[in-house]
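Heads up, model.cif below (mmCIF, C-alpha atoms):
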data_target
#
loop_
_atom_site.label_atom_id
_atom_site.label_comp_id
_atom_site.auth_asym_id
_atom_site.auth_seq_id
_atom_site.Cartn_x
_atom_site.Cartn_y
_atom_site.Cartn_z
CA MET A 1 0.00 0.00 0.00
CA SER A 2 1.35 3.40 -0.96
CA VAL A 3 1.45 6.47 1.23
CA THR A 4 -1.38 7.88 -0.85
CA ASP A 5 -3.48 4.80 -0.21
CA GLY A 6 -2.79 5.11 3.53
CA ASP A 7 -3.86 8.74 3.53
CA ALA A 8 -7.06 7.81 1.69
CA ALA A 9 -7.89 5.14 4.28
CA GLU A 10 -7.40 7.51 7.21
CA PRO A 11 -10.75 9.42 6.94
CA PRO A 12 -12.87 6.21 7.03
CA ARG A 13 -10.90 5.06 10.08
CA ARG A 14 -11.50 8.36 11.82
CA GLY A 15 -15.16 8.17 10.89
CA ALA A 16 -15.44 4.65 12.33
CA ALA A 17 -13.68 5.75 15.54
CA ALA A 18 -16.01 8.73 15.86
CA ARG A 19 -19.07 6.53 15.37
CA LYS A 20 -17.81 4.07 17.99
CA LYS A 21 -17.19 6.89 20.46
CA ASP A 22 -20.68 8.26 19.85
CA GLN A 23 -22.18 4.80 20.29
CA ASP A 24 -20.31 4.33 23.57
CA ALA A 25 -21.55 7.69 24.83
CA ARG A 26 -25.12 6.84 23.89
CA THR A 27 -24.82 3.50 25.70
CA VAL A 28 -23.60 5.23 28.88
CA MET A 29 -26.35 7.83 28.57
CA ARG A 30 -29.01 5.12 28.34
CA LEU A 31 -27.54 3.21 31.26
CA ARG A 32 -27.67 6.36 33.38
CA LEU A 33 -31.21 7.05 32.24
CA GLY A 34 -32.24 3.47 33.02
CA VAL A 35 -30.95 3.77 36.58
CA GLY A 36 -32.63 7.15 36.95
CA VAL A 37 -36.01 5.99 35.64
CA ILE A 38 -36.04 3.00 37.99
CA GLY A 39 -35.14 5.20 40.95
CA VAL A 40 -37.81 7.78 40.15
CA LEU A 41 -40.68 5.44 39.28
CA LEU A 42 -40.22 2.54 41.71
CA PRO A 43 -41.27 4.18 45.03
CA PRO A 44 -44.67 5.46 43.82
CA ALA A 45 -45.24 2.41 41.59
CA LEU A 46 -45.41 0.02 44.56
CA PRO A 47 -48.38 1.57 46.44
CA ALA A 48 -50.05 2.54 43.17
CA GLY A 49 -49.79 -1.02 41.90
CA ASN A 50 -51.12 -2.42 45.17
CA TRP A 51 -54.08 -0.04 45.05
CA ILE A 52 -54.89 -0.97 41.45
CA ALA A 53 -54.65 -4.70 42.27
CA ALA A 54 -56.94 -4.20 45.26
CA ARG A 55 -59.54 -2.39 43.18
CA ILE A 56 -59.44 -5.14 40.58
CA ASP A 57 -59.99 -7.74 43.30
CA GLY A 58 -62.85 -5.71 44.78
CA ARG A 59 -60.95 -4.68 47.91
CA ALA A 60 -60.83 -1.19 49.37
CA GLY A 61 -57.06 -0.92 49.02
CA GLY A 62 -56.48 0.43 52.50
CA ASP A 63 -53.35 -1.72 52.86
CA SER A 64 -51.72 -0.46 49.66
CA TRP A 65 -48.79 1.07 51.55
CA PRO A 66 -46.30 -1.50 52.85
CA GLY A 67 -44.34 -0.67 55.99
CA SER A 68 -41.21 -0.35 53.85
CA MET A 69 -40.32 -0.65 50.21
CA SER A 70 -38.97 -4.13 50.98
CA GLY A 71 -42.37 -5.02 52.43
CA ALA A 72 -43.71 -4.87 48.87
CA TYR A 73 -42.33 -8.41 48.50
CA HIS A 74 -45.40 -9.61 50.40
CA THR A 75 -47.88 -7.55 48.38
CA SER A 76 -49.32 -7.60 44.87
CA THR A 77 -46.31 -5.66 43.53
CA ARG A 78 -43.70 -8.24 44.52
CA ASP A 79 -42.71 -8.88 40.89
CA VAL A 80 -42.38 -5.15 40.23
CA PHE A 81 -40.14 -4.72 43.28
CA VAL A 82 -37.92 -7.72 42.55
CA GLY A 83 -37.70 -7.03 38.80
CA ALA A 84 -36.80 -3.37 39.29
CA LEU A 85 -34.09 -4.19 41.82
CA CYS A 86 -32.61 -6.89 39.60
CA ALA A 87 -32.51 -4.48 36.66
CA LEU A 88 -30.98 -1.78 38.87
CA GLY A 89 -28.39 -4.24 40.14
CA ILE A 90 -27.34 -5.30 36.64
CA PHE A 91 -27.15 -1.68 35.46
CA LEU A 92 -24.90 -0.70 38.36
CA ILE A 93 -22.65 -3.72 37.95
CA VAL A 94 -22.05 -3.18 34.21
CA TYR A 95 -21.68 0.61 34.52
CA ARG A 96 -18.05 1.72 34.13
CA PHE A 97 -16.48 5.11 34.82
CA ASP A 98 -13.21 4.92 36.77
CA ARG A 99 -11.76 2.22 38.99
CA PHE A 100 -13.09 3.49 42.32
CA ASN A 101 -16.58 4.13 40.99
CA ASP A 102 -16.52 0.76 39.24
CA ILE A 103 -15.97 -0.88 42.63
CA LEU A 104 -18.74 1.14 44.29
CA GLY A 105 -21.12 0.43 41.41
CA THR A 106 -20.41 -3.29 41.60
CA VAL A 107 -20.95 -3.29 45.37
CA ALA A 108 -24.21 -1.34 45.05
CA GLY A 109 -25.43 -3.57 42.23
CA THR A 110 -24.61 -6.74 44.16
CA CYS A 111 -26.46 -5.39 47.19
CA ALA A 112 -29.48 -4.53 45.04
CA LEU A 113 -29.58 -8.14 43.83
CA GLY A 114 -29.23 -9.29 47.44
CA VAL A 115 -32.18 -7.14 48.54
CA ALA A 116 -34.27 -8.63 45.74
CA LEU A 117 -33.30 -12.27 46.30
CA PHE A 118 -33.33 -12.29 50.12
CA PRO A 119 -36.82 -11.04 51.05
CA THR A 120 -37.65 -9.35 54.32
CA ALA A 121 -39.85 -11.25 56.77
CA PRO A 122 -43.62 -10.66 56.55
CA GLY A 123 -45.24 -8.22 58.94
CA SER A 124 -46.21 -11.00 61.35
CA GLY A 125 -42.55 -11.95 61.75
CA GLY A 126 -42.61 -15.22 59.81
CA ASP A 127 -40.99 -18.49 60.75
CA ALA A 128 -37.37 -19.05 61.77
CA GLY A 129 -36.20 -19.47 58.19
CA GLN A 130 -37.85 -16.26 57.03
CA ARG A 131 -36.37 -14.34 59.95
CA THR A 132 -32.89 -15.65 59.11
CA VAL A 133 -33.25 -14.63 55.47
CA SER A 134 -34.56 -11.25 56.64
CA VAL A 135 -31.28 -10.61 58.48
CA PHE A 136 -29.39 -10.95 55.19
CA HIS A 137 -31.98 -8.69 53.60
CA GLN A 138 -31.43 -5.95 56.18
CA VAL A 139 -27.66 -6.14 55.75
CA PHE A 140 -27.96 -5.88 51.97
CA ALA A 141 -30.47 -3.00 52.26
CA VAL A 142 -28.28 -0.88 54.54
CA ALA A 143 -25.21 -1.67 52.43
CA LEU A 144 -27.12 -0.71 49.27
CA LEU A 145 -28.14 2.71 50.56
CA THR A 146 -24.66 3.35 51.93
CA ALA A 147 -23.06 2.34 48.62
CA MET A 148 -25.52 4.53 46.72
CA ALA A 149 -24.58 7.52 48.88
CA ALA A 150 -20.86 6.81 48.53
CA PHE A 151 -21.21 6.38 44.78
CA CYS A 152 -22.97 9.73 44.38
CA ILE A 153 -20.48 11.60 46.56
CA SER A 154 -17.52 10.04 44.75
CA MET A 155 -18.98 11.00 41.37
CA TYR A 156 -18.92 14.62 42.52
CA ARG A 157 -15.11 14.46 42.54
CA ALA A 158 -14.71 12.07 39.63
CA PRO A 159 -12.46 12.98 36.66
CA GLY A 160 -14.38 14.50 33.80
CA PHE A 161 -17.02 16.08 36.04
CA LYS A 162 -14.93 18.84 37.63
CA ASP A 163 -15.54 21.22 34.74
CA ARG A 164 -19.29 20.50 34.65
CA PRO A 165 -20.88 21.69 37.91
CA TYR A 166 -24.35 21.28 36.48
CA ALA A 167 -23.68 17.52 36.26
CA ARG A 168 -21.67 16.97 39.46
CA ARG A 169 -23.71 18.97 41.98
CA PRO A 170 -26.82 16.73 41.73
CA TYR A 171 -24.62 13.77 42.66
CA LEU A 172 -23.30 15.53 45.76
CA VAL A 173 -26.77 16.65 46.84
CA ALA A 174 -28.14 13.14 46.28
CA GLY A 175 -25.36 11.51 48.32
CA VAL A 176 -25.84 13.85 51.26
CA LEU A 177 -29.63 13.48 51.18
CA ILE A 178 -29.40 9.68 51.19
CA LEU A 179 -27.26 9.79 54.32
CA VAL A 180 -29.67 12.23 55.97
CA PHE A 181 -32.71 10.10 55.18
CA MET A 182 -30.92 6.99 56.44
CA ALA A 183 -30.26 8.76 59.74
CA LEU A 184 -33.89 9.92 59.99
CA ALA A 185 -35.14 6.39 59.33
CA ALA A 186 -32.87 5.05 62.08
CA VAL A 187 -34.16 7.66 64.53
CA ALA A 188 -37.79 6.87 63.67
CA ALA A 189 -37.15 3.14 64.12
CA ALA A 190 -35.46 3.69 67.48
CA THR A 191 -38.19 5.99 68.82
CA GLY A 192 -41.21 4.29 67.24
CA VAL A 193 -42.41 7.55 65.72
CA GLY A 194 -44.88 7.05 62.89
CA ASP A 195 -45.42 3.34 63.36
CA ASP A 196 -49.17 3.93 63.03
CA TRP A 197 -48.92 6.26 60.03
CA THR A 198 -50.35 5.16 56.68
CA VAL A 199 -47.00 6.04 55.12
CA THR A 200 -44.37 5.04 57.66
CA PRO A 201 -41.23 7.14 58.19
CA LEU A 202 -39.17 4.19 56.95
CA TYR A 203 -41.03 4.02 53.64
CA LEU A 204 -40.90 7.80 53.28
CA CYS A 205 -37.14 7.93 53.94
CA GLU A 206 -36.52 5.04 51.55
CA TRP A 207 -38.68 6.75 48.93
CA LEU A 208 -36.76 10.03 49.20
CA SER A 209 -33.40 8.24 49.21
CA VAL A 210 -34.20 6.30 46.05
CA TRP A 211 -35.63 9.44 44.45
CA SER A 212 -32.44 11.36 45.24
CA PHE A 213 -30.39 8.64 43.58
CA GLY A 214 -32.74 8.41 40.60
CA PHE A 215 -32.92 12.15 39.93
CA ALA A 216 -29.12 12.46 40.15
CA TRP A 217 -28.68 9.75 37.52
CA THR A 218 -31.41 11.22 35.34
CA GLY A 219 -29.70 14.61 35.48
CA ALA A 220 -26.37 13.00 34.57
CA ALA A 221 -28.00 11.25 31.62
CA LEU A 222 -29.50 14.50 30.35
CA SER A 223 -26.19 16.35 30.75
CA LEU A 224 -24.43 13.67 28.69
CA ALA A 225 -27.22 13.83 26.11
CA ALA A 226 -26.55 17.56 25.79
CA ASP A 227 -22.80 16.95 25.46
CA ILE A 228 -23.23 14.51 22.56
CA ASP A 229 -25.98 16.56 20.90
CA ARG A 230 -28.75 14.06 21.64
CA LEU A 231 -30.86 16.28 23.87
CA SER A 232 -32.50 17.95 20.89
CA ARG A 233 -33.95 14.59 19.82
CA THR A 234 -35.25 13.99 23.33
CA ARG A 235 -36.90 17.41 23.31
CA ALA A 236 -38.48 16.64 19.95
CA VAL A 237 -40.00 13.44 21.32
CA VAL A 238 -41.24 15.23 24.44
CA ASP A 239 -42.75 18.02 22.34
CA ALA A 240 -44.47 15.47 20.11
CA VAL A 241 -45.95 13.63 23.09
CA ALA A 242 -47.01 16.91 24.70
CA GLY A 243 -48.67 18.01 21.47
CA TRP A 244 -50.55 14.72 21.25
CA LEU A 245 -51.74 15.06 24.84
CA ARG A 246 -52.89 18.62 24.23
CA SER A 247 -54.86 17.47 21.23
CA LEU A 248 -56.86 14.96 23.26
CA GLY A 249 -60.33 16.12 24.09
CA GLY A 250 -59.85 19.35 22.19
CA LEU A 251 -57.25 20.62 24.62
CA GLY A 252 -55.05 21.89 21.84
CA SER A 253 -57.14 25.00 21.21
CA SER A 254 -57.56 25.84 24.88
CA VAL A 255 -53.85 25.50 25.57
CA GLY A 256 -53.05 27.48 22.46
CA GLY A 257 -55.11 30.35 23.82
CA LEU A 258 -52.84 30.57 26.84
CA ARG A 259 -49.62 30.98 24.92
CA PRO A 260 -47.59 34.14 25.56
CA GLY A 261 -48.75 36.99 23.39
CA SER A 262 -52.25 35.52 22.86
CA ARG A 263 -55.40 37.44 23.88
#
Produce structure tokens that represent the structure in this file.
Amino acid sequence: MSVTDGDAAEPPRRGAAARKKDQDARTVMRLRLGVGVIGVLLPPALPAGNWIAARIDGRAGGDSWPGSMSGAYHTSTRDVFVGALCALGIFLIVYRFDRFNDILGTVAGTCALGVALFPTAPGSGGDAGQRTVSVFHQVFAVALLTAMAAFCISMYRAPGFKDRPYARRPYLVAGVLILVFMALAAVAAATGVGDDWTVTPLYLCEWLSVWSFGFAWTGAALSLAADIDRLSRTRAVVDAVAGWLRSLGGLGSSVGGLRPGSR
């Protein structure tokens, strides 16, 4: 091959490398978004699913709220809870950033799988075997939340994020909030506050912890989408869905009348 031939082959190689880099970035973006969506949707999906199942069965649905998110294992949304945690665990295990965060992600993902596969004991306490399994569940649950907090805080200082405060700050806020909610849940458990509430302090603290984690990852996914010029496509999809929703029931005209500059 001549030098001229080598020069002619260089642009296709660069193009292939650029396409591979873009594909890798899109894969990471979707992984982040997958983690974020699970974190945002799972906490409200459990009581909502229990309520829907109760209405279908002709029950009032007064027991839709489990005492904790883990308590969903003994409700109608068991499959939702276990499936979401397994998906979250796999996402965290395969996610790669730098060595330290790889370790934290693998620990968090393994703990998520442990929480899913070692169910908590039922509200009545269960038999000896269920109580033994529940001990493993509690260990995995505490380790999962701790690893989630550590992962978020470490991402705040991770290479590649220092020049993007809009992407790193949500991670720091999420990590701190998870630790705060863990402490509040421990205080409520020690004092017995809210044991008779419809939404227990434990469920509320778990909800807010998982939300903090989910919103941080969603924000990171959107920031990466903006970096690789994919956010415009997301906006186009959102605008299309919003336009379709506005058109339902003749809402398009009424919403159009409220646009800035309209009378």
So which residues get picked by the PyMOL selection byres ((chain A and resi 145) around 12) here, written as a compact mmCIF listing (two decimals) with C-alpha atoms, keeping the file's coordinate frame?
# COMPACT_ATOMS: atom_id res chain seq x y z
CA LEU A 104 -18.74 1.14 44.29
CA GLY A 105 -21.12 0.43 41.41
CA VAL A 107 -20.95 -3.29 45.37
CA ALA A 108 -24.21 -1.34 45.05
CA GLY A 109 -25.43 -3.57 42.23
CA THR A 110 -24.61 -6.74 44.16
CA CYS A 111 -26.46 -5.39 47.19
CA ALA A 112 -29.48 -4.53 45.04
CA VAL A 115 -32.18 -7.14 48.54
CA GLN A 138 -31.43 -5.95 56.18
CA VAL A 139 -27.66 -6.14 55.75
CA PHE A 140 -27.96 -5.88 51.97
CA ALA A 141 -30.47 -3.00 52.26
CA VAL A 142 -28.28 -0.88 54.54
CA ALA A 143 -25.21 -1.67 52.43
CA LEU A 144 -27.12 -0.71 49.27
CA THR A 146 -24.66 3.35 51.93
CA ALA A 147 -23.06 2.34 48.62
CA MET A 148 -25.52 4.53 46.72
CA ALA A 149 -24.58 7.52 48.88
CA ALA A 150 -20.86 6.81 48.53
CA PHE A 151 -21.21 6.38 44.78
CA CYS A 152 -22.97 9.73 44.38
CA ALA A 174 -28.14 13.14 46.28
CA GLY A 175 -25.36 11.51 48.32
CA VAL A 176 -25.84 13.85 51.26
CA LEU A 177 -29.63 13.48 51.18
CA ILE A 178 -29.40 9.68 51.19
CA LEU A 179 -27.26 9.79 54.32
CA VAL A 180 -29.67 12.23 55.97
CA PHE A 181 -32.71 10.10 55.18
CA MET A 182 -30.92 6.99 56.44
CA ALA A 183 -30.26 8.76 59.74
CA ALA A 185 -35.14 6.39 59.33
CA CYS A 205 -37.14 7.93 53.94
CA GLU A 206 -36.52 5.04 51.55
CA TRP A 207 -38.68 6.75 48.93
CA LEU A 208 -36.76 10.03 49.20
CA SER A 209 -33.40 8.24 49.21
CA VAL A 210 -34.20 6.30 46.05
CA TRP A 211 -35.63 9.44 44.45
CA SER A 212 -32.44 11.36 45.24
CA PHE A 213 -30.39 8.64 43.58
Explicit residue set for the PyMOL selection byres ((chain A and resi 60-73) around 7), as a ChimeraX atom specification:
/A:46-47,50-51,54-55,58-59,74-75,77-78,81,119-120,198-200,202-203,206
Let me see the file: selected residues, C-alpha atoms, as a PDB file, keeping the file's coordinate frame.
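Listed below is the output, selection19.pdb:
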ATOM      1  CA  LEU A  46     -45.410   0.020  44.560  1.00  0.00           C
ATOM      2  CA  PRO A  47     -48.380   1.570  46.440  1.00  0.00           C
ATOM      3  CA  ASN A  50     -51.120  -2.420  45.170  1.00  0.00           C
ATOM      4  CA  TRP A  51     -54.080  -0.040  45.050  1.00  0.00           C
ATOM      5  CA  ALA A  54     -56.940  -4.200  45.260  1.00  0.00           C
ATOM      6  CA  ARG A  55     -59.540  -2.390  43.180  1.00  0.00           C
ATOM      7  CA  GLY A  58     -62.850  -5.710  44.780  1.00  0.00           C
ATOM      8  CA  ARG A  59     -60.950  -4.680  47.910  1.00  0.00           C
ATOM      9  CA  HIS A  74     -45.400  -9.610  50.400  1.00  0.00           C
ATOM     10  CA  THR A  75     -47.880  -7.550  48.380  1.00  0.00           C
ATOM     11  CA  THR A  77     -46.310  -5.660  43.530  1.00  0.00           C
ATOM     12  CA  ARG A  78     -43.700  -8.240  44.520  1.00  0.00           C
ATOM     13  CA  PHE A  81     -40.140  -4.720  43.280  1.00  0.00           C
ATOM     14  CA  PRO A 119     -36.820 -11.040  51.050  1.00  0.00           C
ATOM     15  CA  THR A 120     -37.650  -9.350  54.320  1.00  0.00           C
ATOM     16  CA  THR A 198     -50.350   5.160  56.680  1.00  0.00           C
ATOM     17  CA  VAL A 199     -47.000   6.040  55.120  1.00  0.00           C
ATOM     18  CA  THR A 200     -44.370   5.040  57.660  1.00  0.00           C
ATOM     19  CA  LEU A 202     -39.170   4.190  56.950  1.00  0.00           C
ATOM     20  CA  TYR A 203     -41.030   4.020  53.640  1.00  0.00           C
ATOM     21  CA  GLU A 206     -36.520   5.040  51.550  1.00  0.00           C
TER      22      GLU A 206
END
Quick one: residues within 9 Å of A:Phe118, only C-alpha atoms counted, chain neighbours fewer than 5 positions away excluded, as a CSV table (one decimal) with C-alpha atoms, in the frame of the given file?
chain,number,residue,atom,x,y,z
A,113,LEU,CA,-29.6,-8.1,43.8
A,133,VAL,CA,-33.2,-14.6,55.5
A,134,SER,CA,-34.6,-11.2,56.6
A,135,VAL,CA,-31.3,-10.6,58.5
A,136,PHE,CA,-29.4,-11.0,55.2
A,137,HIS,CA,-32.0,-8.7,53.6
A,138,GLN,CA,-31.4,-6.0,56.2
A,140,PHE,CA,-28.0,-5.9,52.0
Identify all residues satisfying the PyMOL selection byres ((chain A and resi 40) around 10) in the given file; provide them as a list in words.
Val35, Gly36, Val37, Ile38, Gly39, Leu41, Leu42, Pro43, Pro44, Ala45, Trp207, Leu208, Val210, Trp211, Ser212, Phe213, Gly214, Phe215, Ala216, Trp217 and Thr218 of chain A
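Rounded to one decimal, atom CA of A:Thr132 and atom CA of A:Leu117 lie 13.3 Å from each other.
In this model, the gap between atom CA of A:Ser76 and atom CA of A:Ala53 comes to 6.6 Å.
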Take atom CA of A:Asp24 and atom CA of A:Ala87 and report the distance between them in Å, one decimal.
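According to the coordinates, atom CA of A:Asp24 and atom CA of A:Ala87 are separated by 19.9 Å.
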Top pick for closest residue to A:Asp79, considering A:Phe100, A:Thr106, A:Ala116, A:Gly34 and counting all atoms listed in the file:
A:Ala116
Do you know which residues are at most 9 Å from stretch 29-32 of chain A counting all atoms listed in the file, after dropping those on the same chain fewer than 6 positions away, and could you put them as a list in words?
Phe91, Leu92, Val94, Tyr95, Trp217, Thr218, Gly219, Ala220, Ala221, Leu222, Ser223, Leu224 and Ala225 of chain A
Ranking A:Thr191, A:Leu204, A:Ser154, A:Trp197 by minimum distance to A:Ile103 and counting only C-alpha atoms, which one comes first?
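Ranking A:Thr191, A:Leu204, A:Ser154, A:Trp197 by distance to A:Ile103, first place goes to A:Ser154.
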